[in-house]
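final_12.txt, holding compact mmCIF, C-alpha atoms and all ligand atoms:
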# COMPACT_ATOMS: atom_id res chain seq x y z
CA MET Z 1 78.32 94.58 69.28
CA ARG Z 2 79.39 96.92 72.06
CA GLN Z 3 82.44 95.74 73.95
CA TYR Z 4 83.33 98.55 76.36
CA THR Z 5 80.41 100.91 76.84
CA TYR Z 6 76.94 100.79 78.37
CA GLY Z 7 74.21 103.39 78.51
CA PRO Z 8 74.03 106.36 78.42
CA PHE Z 9 71.71 106.45 81.42
CA ASN Z 10 70.61 109.08 83.88
CA SER Z 11 72.65 108.96 87.06
CA ARG Z 12 71.54 110.76 90.24
CA ARG Z 13 75.05 112.00 90.88
CA LEU Z 14 76.45 112.51 87.39
CA GLY Z 15 73.54 113.45 85.14
CA LEU Z 16 73.52 111.77 81.72
CA SER Z 17 76.41 109.32 81.88
CA LEU Z 18 77.98 106.85 79.47
CA GLY Z 19 79.55 103.91 81.32
CA VAL Z 20 82.92 102.52 80.27
CA ASP Z 21 84.00 99.11 81.53
CA ILE Z 22 87.68 98.32 81.03
CA LEU Z 23 87.73 95.10 83.07
CA PRO Z 24 87.20 91.52 81.90
CA LYS Z 25 83.64 90.26 81.70
CA TYR Z 26 83.84 88.84 85.23
CA LYS Z 27 83.90 90.99 88.37
CA LEU Z 28 87.45 91.96 89.36
CA CYS Z 29 87.68 93.67 92.73
CA THR Z 30 89.81 94.02 95.86
CA PHE Z 31 86.62 94.32 97.94
CA ASN Z 32 83.57 92.15 98.49
CA CYS Z 33 81.21 94.82 99.82
CA VAL Z 34 78.15 93.52 101.66
CA TYR Z 35 75.96 95.91 99.67
CA CYS Z 36 77.54 95.41 96.22
CA GLU Z 37 74.87 95.77 93.58
CA ILE Z 38 76.62 93.59 91.01
CA GLY Z 39 76.72 90.55 93.30
CA PRO Z 40 79.46 88.83 95.35
CA THR Z 41 83.16 88.96 94.44
CA TYR Z 42 83.86 85.23 94.15
CA GLN Z 43 87.61 85.76 94.06
CA VAL Z 44 88.70 88.90 95.87
CA VAL Z 45 92.07 90.03 94.46
CA SER Z 46 95.06 91.84 95.91
CA PRO Z 47 95.59 95.52 94.91
CA ARG Z 48 98.90 94.37 93.38
CA ASP Z 49 97.20 91.63 91.39
CA ARG Z 50 96.61 93.68 88.27
CA ILE Z 51 95.79 92.82 84.68
CA LYS Z 52 97.04 94.11 81.36
CA ALA Z 53 94.08 94.58 79.04
CA PRO Z 54 94.87 97.34 76.51
CA PRO Z 55 92.06 98.90 74.49
CA SER Z 56 91.43 97.15 71.20
CA SER Z 57 91.01 99.23 68.03
CA ASN Z 58 87.26 98.92 68.64
CA TYR Z 59 87.33 101.22 71.65
CA ARG Z 60 87.85 104.47 69.72
CA LYS Z 61 85.31 103.45 67.09
CA GLU Z 62 82.69 102.36 69.61
CA LEU Z 63 83.07 105.53 71.66
CA LYS Z 64 82.82 107.82 68.62
CA GLU Z 65 79.77 106.07 67.25
CA ILE Z 66 77.83 106.47 70.48
CA LEU Z 67 79.04 109.92 71.48
CA LYS Z 68 78.00 111.60 68.25
CA PHE Z 69 74.37 110.88 69.23
CA VAL Z 70 74.63 112.43 72.72
CA PRO Z 71 76.05 115.96 72.39
CA HIS Z 72 74.36 116.78 75.73
CA LEU Z 73 76.22 114.05 77.69
CA ASN Z 74 77.47 115.04 81.19
CA SER Z 75 79.96 112.29 81.98
CA ILE Z 76 81.98 109.47 80.45
CA THR Z 77 82.31 107.27 83.50
CA PHE Z 78 84.89 104.52 84.06
CA GLY Z 79 83.76 101.77 86.42
CA TYR Z 80 81.19 98.99 86.73
CA ASN Z 81 82.53 95.46 86.87
CA GLY Z 82 84.84 96.00 89.85
CA GLU Z 83 87.86 98.23 90.42
CA PRO Z 84 89.03 99.91 87.15
CA THR Z 85 92.51 100.80 88.45
CA LEU Z 86 93.29 97.06 88.44
CA ASN Z 87 93.73 97.39 84.67
CA ASP Z 88 97.29 98.62 84.09
CA ASN Z 89 96.14 100.10 80.77
CA LEU Z 90 93.81 102.61 82.42
CA LEU Z 91 95.71 105.58 80.96
CA ASP Z 92 95.58 104.17 77.43
CA PHE Z 93 91.80 104.16 77.69
CA PHE Z 94 91.84 107.64 79.20
CA LYS Z 95 93.96 109.07 76.37
CA ILE Z 96 91.70 107.69 73.65
CA THR Z 97 88.66 109.03 75.52
CA LEU Z 98 90.22 112.48 75.78
CA ASP Z 99 91.11 112.44 72.08
CA VAL Z 100 87.59 111.49 71.06
CA ARG Z 101 86.10 114.10 73.39
CA ASN Z 102 88.31 116.77 71.81
CA GLU Z 103 87.34 115.76 68.29
CA LEU Z 104 83.57 115.97 68.81
CA LYS Z 105 81.22 118.96 69.12
CA TRP Z 106 79.22 119.37 72.34
CA ASP Z 107 76.00 121.26 73.05
CA LYS Z 108 77.39 123.12 76.04
CA LYS Z 109 80.32 121.84 78.08
CA PRO Z 110 82.10 118.65 77.01
CA PRO Z 111 81.35 115.70 79.32
CA LEU Z 112 83.62 115.11 82.30
CA ILE Z 113 85.85 112.06 82.16
CA THR Z 114 85.04 110.43 85.49
CA LEU Z 115 86.56 107.51 87.37
CA PHE Z 116 85.07 105.37 90.12
CA THR Z 117 87.61 103.81 92.48
CA ASN Z 118 87.29 101.92 95.74
CA SER Z 119 90.49 103.70 96.92
CA THR Z 120 92.43 100.50 97.77
CA THR Z 121 95.08 100.92 95.07
CA LEU Z 122 95.71 104.63 95.64
CA TYR Z 123 98.51 104.04 98.15
CA LEU Z 124 100.63 103.15 95.10
CA GLU Z 125 102.15 106.25 93.55
CA GLU Z 126 102.01 104.79 90.03
CA ILE Z 127 98.23 104.39 90.39
CA ARG Z 128 97.71 107.92 91.71
CA ASN Z 129 99.75 109.18 88.74
CA ARG Z 130 97.17 107.62 86.44
CA VAL Z 131 94.09 108.54 88.41
CA ARG Z 132 94.95 112.24 88.74
CA HIS Z 133 94.37 112.81 85.01
CA PHE Z 134 90.61 112.27 85.31
CA ASP Z 135 88.38 115.38 85.59
CA LEU Z 136 86.44 113.88 88.46
CA VAL Z 137 87.48 111.01 90.73
CA LEU Z 138 84.73 109.38 92.79
CA ALA Z 139 86.59 107.64 95.60
CA LYS Z 140 84.80 105.21 97.89
CA LEU Z 141 85.16 105.64 101.63
CA ASP Z 142 82.39 103.87 103.56
CA ALA Z 143 84.41 103.23 106.66
CA ALA Z 144 86.80 105.17 108.84
CA THR Z 145 87.64 102.44 111.35
CA ASN Z 146 89.39 99.20 110.44
CA GLU Z 147 86.54 97.17 111.99
CA ASP Z 148 83.97 98.92 109.78
CA LEU Z 149 86.21 98.49 106.73
CA ARG Z 150 86.44 94.73 107.37
CA ARG Z 151 82.72 94.35 108.03
CA THR Z 152 81.42 96.56 105.22
CA ASN Z 153 83.92 96.15 102.41
CA ARG Z 154 85.49 92.77 103.28
CA PRO Z 155 88.84 93.64 101.63
CA HIS Z 156 91.54 91.30 100.35
CA GLU Z 157 94.15 90.72 103.06
CA ASP Z 158 96.75 92.72 101.07
CA CYS Z 159 94.56 95.84 101.04
CA PRO Z 160 95.94 98.77 103.04
CA ASN Z 161 94.41 99.64 106.40
CA ILE Z 162 92.18 102.66 106.84
CA GLU Z 163 95.02 104.95 107.95
CA ILE Z 164 96.92 104.25 104.73
CA ILE Z 165 93.79 104.61 102.57
CA VAL Z 166 93.06 108.01 104.14
CA ASP Z 167 96.68 109.06 103.72
CA SER Z 168 96.58 108.12 100.02
CA LEU Z 169 93.40 110.17 99.52
CA ILE Z 170 95.06 113.17 101.19
CA LYS Z 171 97.99 112.76 98.77
CA LEU Z 172 95.73 112.34 95.75
CA ARG Z 173 93.80 115.50 96.59
CA LYS Z 174 97.05 117.49 96.68
CA GLU Z 175 98.29 115.90 93.48
CA MET Z 176 95.21 116.87 91.42
CA PRO Z 177 94.63 120.55 92.32
CA GLU Z 178 92.98 121.38 88.99
CA LYS Z 179 90.66 118.35 89.04
CA LYS Z 180 87.85 117.32 91.36
CA LEU Z 181 87.84 114.68 94.06
CA ALA Z 182 84.54 113.42 95.46
CA ILE Z 183 84.42 111.11 98.47
CA GLN Z 184 81.51 108.69 98.25
CA CYS Z 185 80.14 107.13 101.42
CA LEU Z 186 77.56 104.39 101.13
CA ILE Z 187 75.89 103.87 104.49
CA SER Z 188 73.60 100.92 105.13
CA LYS Z 189 71.68 99.26 107.94
CA SER Z 190 71.36 95.62 108.92
CA TYR Z 191 68.54 93.24 109.85
CA ARG Z 192 71.00 90.97 111.62
CA GLU Z 193 71.62 91.73 115.27
CA ASP Z 194 75.09 90.20 115.17
CA TYR Z 195 76.15 92.36 112.22
CA ILE Z 196 77.17 95.94 113.00
CA SER Z 197 76.66 98.06 109.89
CA ASN Z 198 78.68 101.16 109.05
CA ASN Z 199 75.70 103.26 110.20
CA ASN Z 200 77.16 103.39 113.72
CA LYS Z 201 77.95 106.59 115.61
CA GLU Z 202 81.69 106.00 115.84
CA ASN Z 203 82.08 105.27 112.15
CA ILE Z 204 80.02 108.29 111.07
CA GLU Z 205 81.97 110.67 113.31
CA GLN Z 206 85.32 109.23 112.32
CA LEU Z 207 84.32 109.49 108.66
CA ALA Z 208 83.68 113.19 109.14
CA TYR Z 209 87.10 113.67 110.80
CA VAL Z 210 88.99 111.87 108.03
CA ILE Z 211 87.05 113.67 105.28
CA LYS Z 212 88.02 116.94 106.92
CA LYS Z 213 91.68 115.87 106.62
CA ILE Z 214 91.29 114.69 103.01
CA ASN Z 215 89.68 118.02 102.09
CA PRO Z 216 87.85 116.80 98.95
CA ASN Z 217 85.80 119.08 96.67
CA ILE Z 218 82.64 117.06 97.18
CA VAL Z 219 81.18 114.52 99.62
CA GLN Z 220 78.39 112.27 98.36
CA LEU Z 221 76.38 110.35 100.92
CA TYR Z 222 74.04 107.70 99.60
CA SER Z 223 72.62 104.27 100.34
CA ILE Z 224 71.61 101.03 98.71
CA ALA Z 225 69.39 101.56 95.64
CA ARG Z 226 69.35 98.07 94.08
CA ILE Z 227 69.52 94.47 95.31
CA PRO Z 228 72.55 94.11 97.63
CA SER Z 229 74.98 91.20 97.63
CA GLU Z 230 73.94 90.19 101.19
CA TYR Z 231 70.27 89.84 102.09
CA TYR Z 232 70.74 91.29 105.59
CA VAL Z 233 71.68 94.86 104.61
CA PHE Z 234 69.26 97.54 103.53
CA ALA Z 235 69.10 101.25 102.82
CA ILE Z 236 69.06 103.97 105.48
CA ASP Z 237 66.13 106.36 105.10
CA GLU Z 238 66.02 110.04 104.12
CA GLN Z 239 65.86 111.18 107.75
CA ARG Z 240 69.04 109.30 108.68
CA LYS Z 241 70.82 110.71 105.61
CA LYS Z 242 69.94 114.20 106.79
CA GLU Z 243 71.23 113.44 110.32
CA ILE Z 244 74.53 112.13 108.94
CA VAL Z 245 74.92 115.18 106.68
CA LYS Z 246 74.37 117.36 109.77
CA VAL Z 247 77.14 115.50 111.67
CA PHE Z 248 79.42 115.81 108.61
CA ARG Z 249 78.74 119.55 108.28
CA GLU Z 250 79.37 120.23 111.97
CA ILE Z 251 82.63 118.30 112.16
CA ILE Z 252 83.99 119.16 108.70
CA ASN Z 253 83.02 122.81 109.19
CA ASN Z 254 84.26 123.94 105.79
CA ASP Z 255 81.90 125.65 103.34
CA LEU Z 256 84.27 124.96 100.46
CA ILE Z 257 83.46 121.27 100.68
CA GLU Z 258 80.13 120.52 99.03
CA ILE Z 259 78.20 117.87 100.96
CA ASN Z 260 75.28 116.21 99.19
CA TYR Z 261 73.08 113.22 99.87
CA TYR Z 262 71.13 111.06 97.41
S1 LIG X 1 84.18 98.11 95.50
FE1 LIG X 1 82.41 98.38 94.17
S2 LIG X 1 82.49 96.64 92.75
FE2 LIG X 1 83.89 96.16 94.43
S3 LIG X 1 82.63 94.93 95.81
FE3 LIG X 1 82.49 97.08 96.50
S4 LIG X 1 80.69 97.92 95.50
FE4 LIG X 1 81.20 96.02 94.44

Would you encode the structure as structure tokens?
Amino acid sequence: MRQYTYGPFNSRRLGLSLGVDILPKYKLCTFNCVYCEIGPTYQVVSPRDRIKAPPSSNYRKELKEILKFVPHLNSITFGYNGEPTLNDNLLDFFKITLDVRNELKWDKKPPLITLFTNSTTLYLEEIRNRVRHFDLVLAKLDAATNEDLRRTNRPHEDCPNIEIIVDSLIKLRKEMPEKKLAIQCLISKSYREDYISNNNKENIEQLAYVIKKINPNIVQLYSIARIPSEYYVFAIDEQRKKEIVKVFREIINNDLIEINYY
């Protein structure tokens, strides 16, 4: 039975990707995003509330057995059941993954070792020191105002405010010059008149200004693709994605930053 991996599956942003879940079998997250596609976070945890769950001897074996069948894989992707940096043994998993990747033969390039994070733990230097080893870090940033952060991501009260989150992403970018940082913005709309979604003018413009400061390699704009946690949010359409990308391009004004929408 597989304990840590799922897929591989085709991902719009990563190509053929093998998922790695290093969290317990329940959702462990510092956020309770309105749009979360794996359901509500019943107990939202503090970014300091971390677990120790080292890889069992099965991890190496499981990874090797699957990877030998997919020499064309594009990414080995950490994330799924919440926030992977909440596991203090993140680097132990990374090292085994790197070892296995180095031992196997690949069709073209070896797959990237990729990490999803919701960015709430990155203000801690010890966490950035782990995260910076990954080839590609996909860091969530759906909000650039504290009001939008509270409404969209519904963070634990110990989570840093938006200024600190942005500052930690600026630091991370500088600390991983040889690796790639992608900022992921999920923008949604709402059916409820009393709920202001993050698809508001101020949030979109402020997002562009903070992304400009973070100076990532890539910006990925996307929207809801599966059933969201809350019934009242839904996906923005293609036209709106294009408008937001236009605002981003104008304000960021830096051709070195790749801006894509999905
Ligand atoms: S950060 Fe990710 S896992 Fe956590 S609630 Fe938001 S979408 Fe879900």

Checklist line | Surrounding residues of Ala235 of chain Z excluding itself and chain neighbours under 2 positions, 9 Å, all atoms listed in the file, as a list in words | finding: Ile187, Ser188, Lys189, Ser190, Tyr222, Ser223, Ile224, Ala225, Val233 and Asp237 of chain Z

Item checked: Exercise answer, 7 Å around ligand LIG 1 (chain X) with all atoms listed in the file, as a count of residues only -> 17

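Pairwise distance (atom CA of Ile218 of chain Z, atom CA of Leu141 of chain Z) equals 12.5 Å.
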
Checklist line | Distance query Thr145 of chain Z at most 7 Å, all atoms listed in the file, self and fewer than 3 positions along chain excluded, as a ChimeraX atom specification | finding: /Z:148-149,162,203

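For the pair atom CA of Asn146 of chain Z and atom CA of Ser229 of chain Z, the interatomic distance is 20.9 Å.
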
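Each of Z:Glu205, Z:Glu62, Z:Asp92, Z:Asp135 was checked against Pro110 of chain Z using only C-alpha atoms; the smallest atom-to-atom distance is that of Z:Asp135.
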
Checklist line | Selection: 8 Å around Gly7 of chain Z, all atoms listed in the file, excl. self and same-chain fewer than 4 positions, as a PyMOL selection string | finding: chain Z and resi 17-19

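With atom CA of Ser57 of chain Z on one side and atom CA of Asp107 of chain Z on the other, the separation reads 27.1 Å.
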
Next item on the list: Rank Z:Glu65, Z:Glu125, Z:Asp88, Z:Glu230 by their smallest atom-to-atom distance to Asp167 of chain Z, using all atoms listed in the file, and report the top residue only.
Entry: Z:Glu125

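For the residues Z:Ile127, Z:Val247, Z:Leu115, Z:Ile236, ranking by smallest atom-to-atom distance to Lys179 of chain Z using all atoms listed in the file places Z:Leu115 first.
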
Could you rebuild segment 202-222 of chain Z with N, CA, C and O atoms and give it back as a compact mmCIF listing (two decimals), keeping the file's coordinate frame?
# COMPACT_ATOMS: atom_id res chain seq x y z
N GLU Z 202 80.24 105.82 115.90
CA GLU Z 202 81.69 106.00 115.84
C GLU Z 202 82.17 106.12 114.39
O GLU Z 202 82.95 107.01 114.04
N ASN Z 203 81.64 105.23 113.55
CA ASN Z 203 82.08 105.27 112.15
C ASN Z 203 81.70 106.59 111.47
O ASN Z 203 82.51 107.19 110.76
N ILE Z 204 80.48 107.05 111.73
CA ILE Z 204 80.02 108.29 111.07
C ILE Z 204 80.88 109.47 111.53
O ILE Z 204 81.35 110.27 110.70
N GLU Z 205 81.15 109.54 112.82
CA GLU Z 205 81.97 110.67 113.31
C GLU Z 205 83.40 110.59 112.79
O GLU Z 205 83.97 111.58 112.34
N GLN Z 206 83.94 109.38 112.81
CA GLN Z 206 85.32 109.23 112.32
C GLN Z 206 85.40 109.53 110.82
O GLN Z 206 86.39 110.09 110.35
N LEU Z 207 84.35 109.17 110.09
CA LEU Z 207 84.32 109.49 108.66
C LEU Z 207 84.43 111.00 108.46
O LEU Z 207 85.20 111.49 107.63
N ALA Z 208 83.65 111.73 109.26
CA ALA Z 208 83.68 113.19 109.14
C ALA Z 208 85.09 113.72 109.44
O ALA Z 208 85.60 114.59 108.70
N TYR Z 209 85.74 113.18 110.47
CA TYR Z 209 87.10 113.67 110.80
C TYR Z 209 88.09 113.37 109.68
O TYR Z 209 88.93 114.21 109.33
N VAL Z 210 88.00 112.17 109.09
CA VAL Z 210 88.99 111.87 108.03
C VAL Z 210 88.68 112.65 106.75
O VAL Z 210 89.59 113.07 106.04
N ILE Z 211 87.40 112.89 106.48
CA ILE Z 211 87.05 113.67 105.28
C ILE Z 211 87.59 115.09 105.45
O ILE Z 211 88.11 115.69 104.50
N LYS Z 212 87.48 115.60 106.65
CA LYS Z 212 88.02 116.94 106.92
C LYS Z 212 89.52 117.00 106.56
O LYS Z 212 90.00 117.94 105.96
N LYS Z 213 90.23 115.92 106.92
CA LYS Z 213 91.68 115.87 106.62
C LYS Z 213 91.92 115.71 105.12
O LYS Z 213 92.85 116.30 104.57
N ILE Z 214 91.09 114.92 104.45
CA ILE Z 214 91.29 114.69 103.01
C ILE Z 214 91.02 115.98 102.23
O ILE Z 214 91.65 116.27 101.24
N ASN Z 215 90.03 116.74 102.71
CA ASN Z 215 89.68 118.02 102.09
C ASN Z 215 89.25 117.88 100.62
O ASN Z 215 89.79 118.56 99.72
N PRO Z 216 88.28 116.99 100.35
CA PRO Z 216 87.85 116.80 98.95
C PRO Z 216 87.04 118.00 98.46
O PRO Z 216 86.66 118.86 99.26
N ASN Z 217 86.70 118.03 97.19
CA ASN Z 217 85.80 119.08 96.67
C ASN Z 217 84.36 118.77 97.04
O ASN Z 217 83.57 119.68 97.28
N ILE Z 218 84.04 117.48 97.03
CA ILE Z 218 82.64 117.06 97.18
C ILE Z 218 82.56 115.84 98.09
O ILE Z 218 83.47 114.99 98.08
N VAL Z 219 81.48 115.75 98.87
CA VAL Z 219 81.18 114.52 99.62
C VAL Z 219 79.80 114.07 99.16
O VAL Z 219 78.87 114.87 99.11
N GLN Z 220 79.69 112.80 98.81
CA GLN Z 220 78.39 112.27 98.36
C GLN Z 220 77.98 111.14 99.29
O GLN Z 220 78.65 110.10 99.36
N LEU Z 221 76.90 111.37 100.02
CA LEU Z 221 76.38 110.35 100.92
C LEU Z 221 75.18 109.69 100.24
O LEU Z 221 74.31 110.39 99.72
N TYR Z 222 75.16 108.38 100.23
CA TYR Z 222 74.04 107.70 99.60
C TYR Z 222 73.84 106.34 100.25
O TYR Z 222 74.54 106.00 101.21
